[in-house]
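Notes follow the structure.
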Amino acid sequence: MKKKPEKRGNWYLLTGLILGVAFGLVYAWVVSPVQYVDAGPNSLREDFKDQYRLLVALAYLSDNNYVRAEARLKELKDPDIAQTLAMQAQRSLADGKTEMETRALSLLAVALGEGPTPVVTMPTATATVAPSPTSTPTPVVAEPTASPASVTEIATQAPRTLQPTATPLPSRTPTATPGDPFLLEEQSLVCDPALTASLIQIKVYDAAGQEVPGVEAIVNWDGGEEHFFTGLKPELGLGYADFVMNTGVTYVLRLADGGQPVPDLTPAECEGEAGTRYYGSWLLVFRASGR
Amino acid sequence: MSRWIAFFIAIALGAAAGMLYGWVFNPVEYVDTAPNSLRLDYKTDYVLMVAEAYTLDQDVNLAARRLASLGDVSVSAHMDEALAFAVQNNYPQPDLLLMRSLAEVLDSWNPNLDMPAP
């Protein structure tokens, strides 16, 4: 008896195709994936990006080359390079990193917030450096994005080991000169219900009325001390800094370069339109005496 | 054509399609790379930044640590590679000077002398 041929159809072809695709994907993704050996800084891991930004900031502190620093940072493809740097500067301060690193980051953040200036003082022999061959810098002024209400200072209880920072560094921005102590010009209670925390807000001006970044402020309270710098929130002004107060605690603030301390700073109540009560913030305005 | 031949041709076609998809259309994305994966010009700029930072802090250990993140080879090898690239691509003289001066410091640097005592 003759055996009737078995009708199997073409499923075996589909099976082979699926097996082949599976093999191909495993080979392409696992066994021999695409090797990225010529990556750009934007592909770096977050901690390496921080290190890269820090090196850019330190290089800027060294050569004061704004265009080059901006071109380098653009390679990281951060959405807002000035804001990212300012946030890293705050983290650097909170983590107790060296004063130089914090200042480098904050000064570059301030410079990026300001935009390029045509006249740059070059204090070192490296003043004539130019962008590297791969850079195509185009100076762009970063737009401020944060609103005052959304900004709060990260206050930690950890002791700081930073040194006083009144000595001027090479900078495109106005800085205080030794011998010009900042004097308290104004102290006022700010009643702004949009602020979510009660702050000590400081604004520091030089004798010419220019805001001064990089000024260290020290706030003391019973059992604690905190240091913070102006200019870390460039969107609020180069001479601006703030600190979050806790209710029931009395603070004393002074600038690191001397001047009189401002005592008895504690959250004070404000009254809203509907009779609601909330805590206001203290605004302290300092100005260089100019003597 | 026997079924077996057709079957293996289907596997080959599928494998080709899979590799095309995996290598070209949707390759593995490396988003958390280390500095050793940087292109040579970026590496050179990285070395230059380390050299610039060194002029501020004069900390050779710190400079060596920063350079070490560029890969497994010695920091001197990174310096040599970056210097060669910089010279070849006509980097400005001040940049070359900075890199050379750091290279000289690193050449005479002995990391074992800076290791903490047990």
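Identifiers for the structure tokens are assigned positionally: chains receive A, B, ... in sequence, residues are indexed from 1 per chain, and ligands are indexed from 1 in the order shown.
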
Within 6 Å of chain A: residues of chain B, using only C-alpha atoms, as a list in words: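 So the residues of chain B near chain A are Phe7, Ala10, Ile11, Ala12, Gly14, Ala15, Gly18, Met19, Gly22, Trp23, Val31, Asp32, Thr33, Ala34, Ser37, Leu38, Arg39, Met49, Glu52, Ala53 and Pro94 of chain B.
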
Residue neighbourhood segment 280-291 of chain A, 7 Å, only C-alpha atoms, exclusion window fewer than 3 positions, as a list in words: Asp180, Pro181, Phe182, Leu183, Leu184, Glu185, Glu186, Gln187, Ser188, Leu189, Val190, Cys191, Asp192, Ser198, Leu199, Ile200, Gln201, Ile202, Lys203, Val204, Tyr205, Asp206, Ala207, Pro267, Ala268, Glu269 and Cys270 of chain A

Point-to-point distance from atom CA of Asp95 of chain B to atom CA of Asp78 of chain A, Å rounded to tenths: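 Pair atom CA of Asp95 of chain B / atom CA of Asp78 of chain A returns 26.2 Å.
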
Surrounding residues of Asn61 of chain B excluding itself and chain neighbours under 2 positions, 12 Å, only C-alpha atoms, as a list in words: Val50, Tyr54, Asp57, Gln58, Asp59, Ala63, Ala64, Arg65, Arg66, Leu67, Ala68, Val75, Leu102, Val105, Leu106, Trp109, Asn110, Pro111, Asn112, Leu113, Asp114 and Met115 of chain B

Exercise: Tyr240 of chain A partners within 9 Å, only C-alpha atoms, chain neighbours under 4 positions left out, as a list in words: Gln201, Ile202, Lys203, Val204, Glu211, Val212, Pro213, Phe229, Thr230, Gly231, Leu232, Lys233, Pro234 and Leu236 of chain A
